[in-house]
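Inspection log for the structure reproduced underneath, given as structure tokens.
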Amino acid sequence: MIIKHLLTFVVGTLVLVCAANSASAASEAQRIATAKRFFQGVYSSDSSVVDELASENITISYPAFEKLFGKTALHGREDVRGLLTWFPAWWSVTQIDFPETMADGDKVFLKWRLVANYMGPIREDQKHIDPAHIWEGITLFRFDESGKIVEEVGFESEPQPFRVVD
């Protein structure tokens with residue numbers, strides 16, 4: 001009788017562990033999908049992603065921001081909306097790919113590749129620059145307990161695409 005109860009306990013525990021792992025995998029898959037959608041929305045100027053997916057106190061940081069915006073990070077939804085206004089004035093995104101993704105708890109990692117055409121003014125010394133640009137990067141997203149993005153920290157493969165934005 002004790003063996004039967006012990007076996008029932010072990011099987012029950014395994015079922016609960018498997019269910020928890022399955023729920024965790026599902027929520028990690030959801031966070032990956034959310035991070036992809038946010039990244040695509042921001043760089044394709046879909047402002048709906050800001051209110052829907054970002055926390056009120058979101059922080060976004062990339063090395064290029066210092067040169068572009070005079071600060072290392074954007075803080076809050078209003079700053080992010082500014083990026084959504086600024087970016088399409090200079091770039092027309094034609095493709096965004098995510099060759100690698102990973103989630104762990106409240107964090108999501110995206111390796112990305114962005115293809116865009118430069119739409120901004122071209123100075124005389126930039127006439128030789130091809131308007132089509134491809135750049136890659138990695139971005140880490142952090143989520144709060146409600147599933148909203150609270151932080152996006154990224155690194156570009158090179159600053160070349162932003163050199164034309166002087």
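For the structure tokens, the naming scheme is as follows: chains receive sequential letters (A, B, ...) according to their order of presentation, residues are indexed from 1 within each chain, and ligands are indexed from 1 in presentation order.
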
As a list in words, please: the residues near A:Tyr62 (cut-off 8 Å, only C-alpha atoms, same-chain neighbours under 5 positions excluded). Thr72, Ala73, Val153, Gly154, Phe155 and Glu156 of chain A

Give me the stretch 73-129 of chain A side of the contact with stretch 33-43 of chain A, cut-off 8 Å, one line per residue showing its nearest atom pair and distance in Å at one decimal, counting only C-alpha atoms, sorted by chain and residue number, as JSON lines.
{"residue": "A:Leu83", "atom": "CA", "partner": "A:Val42", "partner_atom": "CA", "distance": 7.7}
{"residue": "A:Leu84", "atom": "CA", "partner": "A:Val42", "partner_atom": "CA", "distance": 5.9}
{"residue": "A:Phe87", "atom": "CA", "partner": "A:Tyr43", "partner_atom": "CA", "distance": 6.9}
{"residue": "A:Pro88", "atom": "CA", "partner": "A:Tyr43", "partner_atom": "CA", "distance": 7.7}
{"residue": "A:Val93", "atom": "CA", "partner": "A:Tyr43", "partner_atom": "CA", "distance": 7.0}
{"residue": "A:Ile96", "atom": "CA", "partner": "A:Gln40", "partner_atom": "CA", "distance": 6.9}
{"residue": "A:Phe98", "atom": "CA", "partner": "A:Lys36", "partner_atom": "CA", "distance": 7.8}
{"residue": "A:Val108", "atom": "CA", "partner": "A:Ala35", "partner_atom": "CA", "distance": 7.1}
{"residue": "A:Leu110", "atom": "CA", "partner": "A:Lys36", "partner_atom": "CA", "distance": 7.7}

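Using only C-alpha atoms, the smallest distance between any of A:Ser27, A:Ser61, A:Ser45, A:Thr94 and A:Asp106 comes from A:Ser27.
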
If you run DSSP on the backbone here, which positions in stretch 7-116 of chain A get strand (DSSP E or B)? Please write them as a PyMOL selection string. chain A and resi 54-61+73-75+91-104+107-116

Export, as an mmCIF file, in the first residue's frame, the selected residues with N, CA and C atoms.
data_model
loop_
_atom_site.group_PDB
_atom_site.id
_atom_site.type_symbol
_atom_site.label_atom_id
_atom_site.label_comp_id
_atom_site.auth_asym_id
_atom_site.auth_seq_id
_atom_site.Cartn_x
_atom_site.Cartn_y
_atom_site.Cartn_z
ATOM 1 N N ALA A 54 4.916 47.912 -24.352
ATOM 2 C CA ALA A 54 5.953 48.528 -23.520
ATOM 3 C C ALA A 54 5.372 49.019 -22.201
ATOM 4 N N SER A 55 6.155 48.877 -21.144
ATOM 5 C CA SER A 55 5.738 49.444 -19.857
ATOM 6 C C SER A 55 5.854 50.967 -19.945
ATOM 7 N N GLU A 56 5.200 51.651 -19.039
ATOM 8 C CA GLU A 56 5.252 53.119 -19.027
ATOM 9 C C GLU A 56 6.681 53.625 -18.846
ATOM 10 N N ASN A 57 7.494 52.870 -18.112
ATOM 11 C CA ASN A 57 8.854 53.294 -17.780
ATOM 12 C C ASN A 57 9.914 52.571 -18.593
ATOM 13 N N ILE A 58 9.589 52.167 -19.806
ATOM 14 C CA ILE A 58 10.543 51.437 -20.646
ATOM 15 C C ILE A 58 11.817 52.247 -20.851
ATOM 16 N N THR A 59 12.926 51.537 -20.918
ATOM 17 C CA THR A 59 14.214 52.134 -21.252
ATOM 18 C C THR A 59 14.767 51.378 -22.454
ATOM 19 N N ILE A 60 15.186 52.126 -23.473
ATOM 20 C CA ILE A 60 15.808 51.526 -24.657
ATOM 21 C C ILE A 60 17.182 52.160 -24.815
ATOM 22 N N SER A 61 18.193 51.317 -24.981
ATOM 23 C CA SER A 61 19.559 51.807 -25.077
ATOM 24 C C SER A 61 20.323 51.072 -26.175
ATOM 25 N N ALA A 73 20.281 56.597 -23.596
ATOM 26 C CA ALA A 73 19.071 55.773 -23.533
ATOM 27 C C ALA A 73 17.825 56.630 -23.701
ATOM 28 N N LEU A 74 16.782 55.995 -24.198
ATOM 29 C CA LEU A 74 15.458 56.600 -24.266
ATOM 30 C C LEU A 74 14.694 56.107 -23.047
ATOM 31 N N HIS A 75 13.992 57.010 -22.362
ATOM 32 C CA HIS A 75 13.278 56.649 -21.139
ATOM 33 C C HIS A 75 11.796 56.992 -21.283
ATOM 34 N N TRP A 91 15.093 56.237 -42.576
ATOM 35 C CA TRP A 91 15.222 54.859 -43.054
ATOM 36 C C TRP A 91 13.876 54.277 -43.446
ATOM 37 N N SER A 92 13.885 53.519 -44.519
ATOM 38 C CA SER A 92 12.714 52.740 -44.924
ATOM 39 C C SER A 92 13.090 51.264 -44.802
ATOM 40 N N VAL A 93 12.526 50.609 -43.811
ATOM 41 C CA VAL A 93 12.873 49.211 -43.547
ATOM 42 C C VAL A 93 12.196 48.314 -44.582
ATOM 43 N N THR A 94 12.985 47.446 -45.193
ATOM 44 C CA THR A 94 12.430 46.511 -46.174
ATOM 45 C C THR A 94 12.389 45.078 -45.660
ATOM 46 N N GLN A 95 13.176 44.800 -44.617
ATOM 47 C CA GLN A 95 13.208 43.426 -44.105
ATOM 48 C C GLN A 95 13.818 43.397 -42.714
ATOM 49 N N ILE A 96 13.217 42.586 -41.842
ATOM 50 C CA ILE A 96 13.787 42.311 -40.523
ATOM 51 C C ILE A 96 13.710 40.812 -40.300
ATOM 52 N N ASP A 97 14.847 40.216 -40.000
ATOM 53 C CA ASP A 97 14.918 38.778 -39.727
ATOM 54 C C ASP A 97 15.471 38.560 -38.332
ATOM 55 N N PHE A 98 15.106 37.435 -37.756
ATOM 56 C CA PHE A 98 15.608 37.038 -36.438
ATOM 57 C C PHE A 98 16.202 35.637 -36.558
ATOM 58 N N PRO A 99 17.483 35.530 -36.948
ATOM 59 C CA PRO A 99 18.084 34.214 -37.142
ATOM 60 C C PRO A 99 18.265 33.405 -35.863
ATOM 61 N N GLU A 100 18.234 34.088 -34.711
ATOM 62 C CA GLU A 100 18.397 33.350 -33.461
ATOM 63 C C GLU A 100 17.651 34.075 -32.346
ATOM 64 N N THR A 101 16.960 33.306 -31.530
ATOM 65 C CA THR A 101 16.258 33.857 -30.375
ATOM 66 C C THR A 101 16.455 32.921 -29.189
ATOM 67 N N MET A 102 16.317 33.492 -28.003
ATOM 68 C CA MET A 102 16.434 32.683 -26.799
ATOM 69 C C MET A 102 15.693 33.406 -25.672
ATOM 70 N N ALA A 103 15.068 32.653 -24.805
ATOM 71 C CA ALA A 103 14.399 33.231 -23.643
ATOM 72 C C ALA A 103 14.853 32.508 -22.389
ATOM 73 N N ASP A 104 14.938 33.265 -21.316
ATOM 74 C CA ASP A 104 15.268 32.691 -20.016
ATOM 75 C C ASP A 104 14.580 33.552 -18.965
ATOM 76 N N LYS A 107 13.769 37.402 -19.464
ATOM 77 C CA LYS A 107 14.648 37.978 -20.486
ATOM 78 C C LYS A 107 14.505 37.251 -21.826
ATOM 79 N N VAL A 108 14.603 38.033 -22.894
ATOM 80 C CA VAL A 108 14.586 37.495 -24.255
ATOM 81 C C VAL A 108 15.768 38.087 -25.002
ATOM 82 N N PHE A 109 16.463 37.248 -25.735
ATOM 83 C CA PHE A 109 17.594 37.644 -26.558
ATOM 84 C C PHE A 109 17.189 37.472 -28.018
ATOM 85 N N LEU A 110 17.371 38.508 -28.820
ATOM 86 C CA LEU A 110 17.140 38.418 -30.259
ATOM 87 C C LEU A 110 18.423 38.762 -30.999
ATOM 88 N N LYS A 111 18.816 37.912 -31.908
ATOM 89 C CA LYS A 111 19.851 38.261 -32.869
ATOM 90 C C LYS A 111 19.063 38.686 -34.101
ATOM 91 N N TRP A 112 19.336 39.874 -34.636
ATOM 92 C CA TRP A 112 18.521 40.404 -35.716
ATOM 93 C C TRP A 112 19.363 40.872 -36.892
ATOM 94 N N ARG A 113 18.674 40.975 -38.010
ATOM 95 C CA ARG A 113 19.258 41.495 -39.254
ATOM 96 C C ARG A 113 18.217 42.428 -39.850
ATOM 97 N N LEU A 114 18.613 43.667 -40.096
ATOM 98 C CA LEU A 114 17.694 44.676 -40.595
ATOM 99 C C LEU A 114 18.206 45.200 -41.939
ATOM 100 N N VAL A 115 17.318 45.252 -42.922
ATOM 101 C CA VAL A 115 17.635 45.794 -44.238
ATOM 102 C C VAL A 115 16.791 47.046 -44.416
ATOM 103 N N ALA A 116 17.448 48.157 -44.752
ATOM 104 C CA ALA A 116 16.726 49.416 -44.899
ATOM 105 C C ALA A 116 17.387 50.282 -45.967
#

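Counting only C-alpha atoms and comparing A:Ala64, A:Ser157, A:Ser146, A:Glu152, the residue that lies closest to A:Val80 is A:Glu152.
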
Computed interatomic separation between atom CA of A:Ile32 and atom CA of A:His133 (Å): 25.5 Å
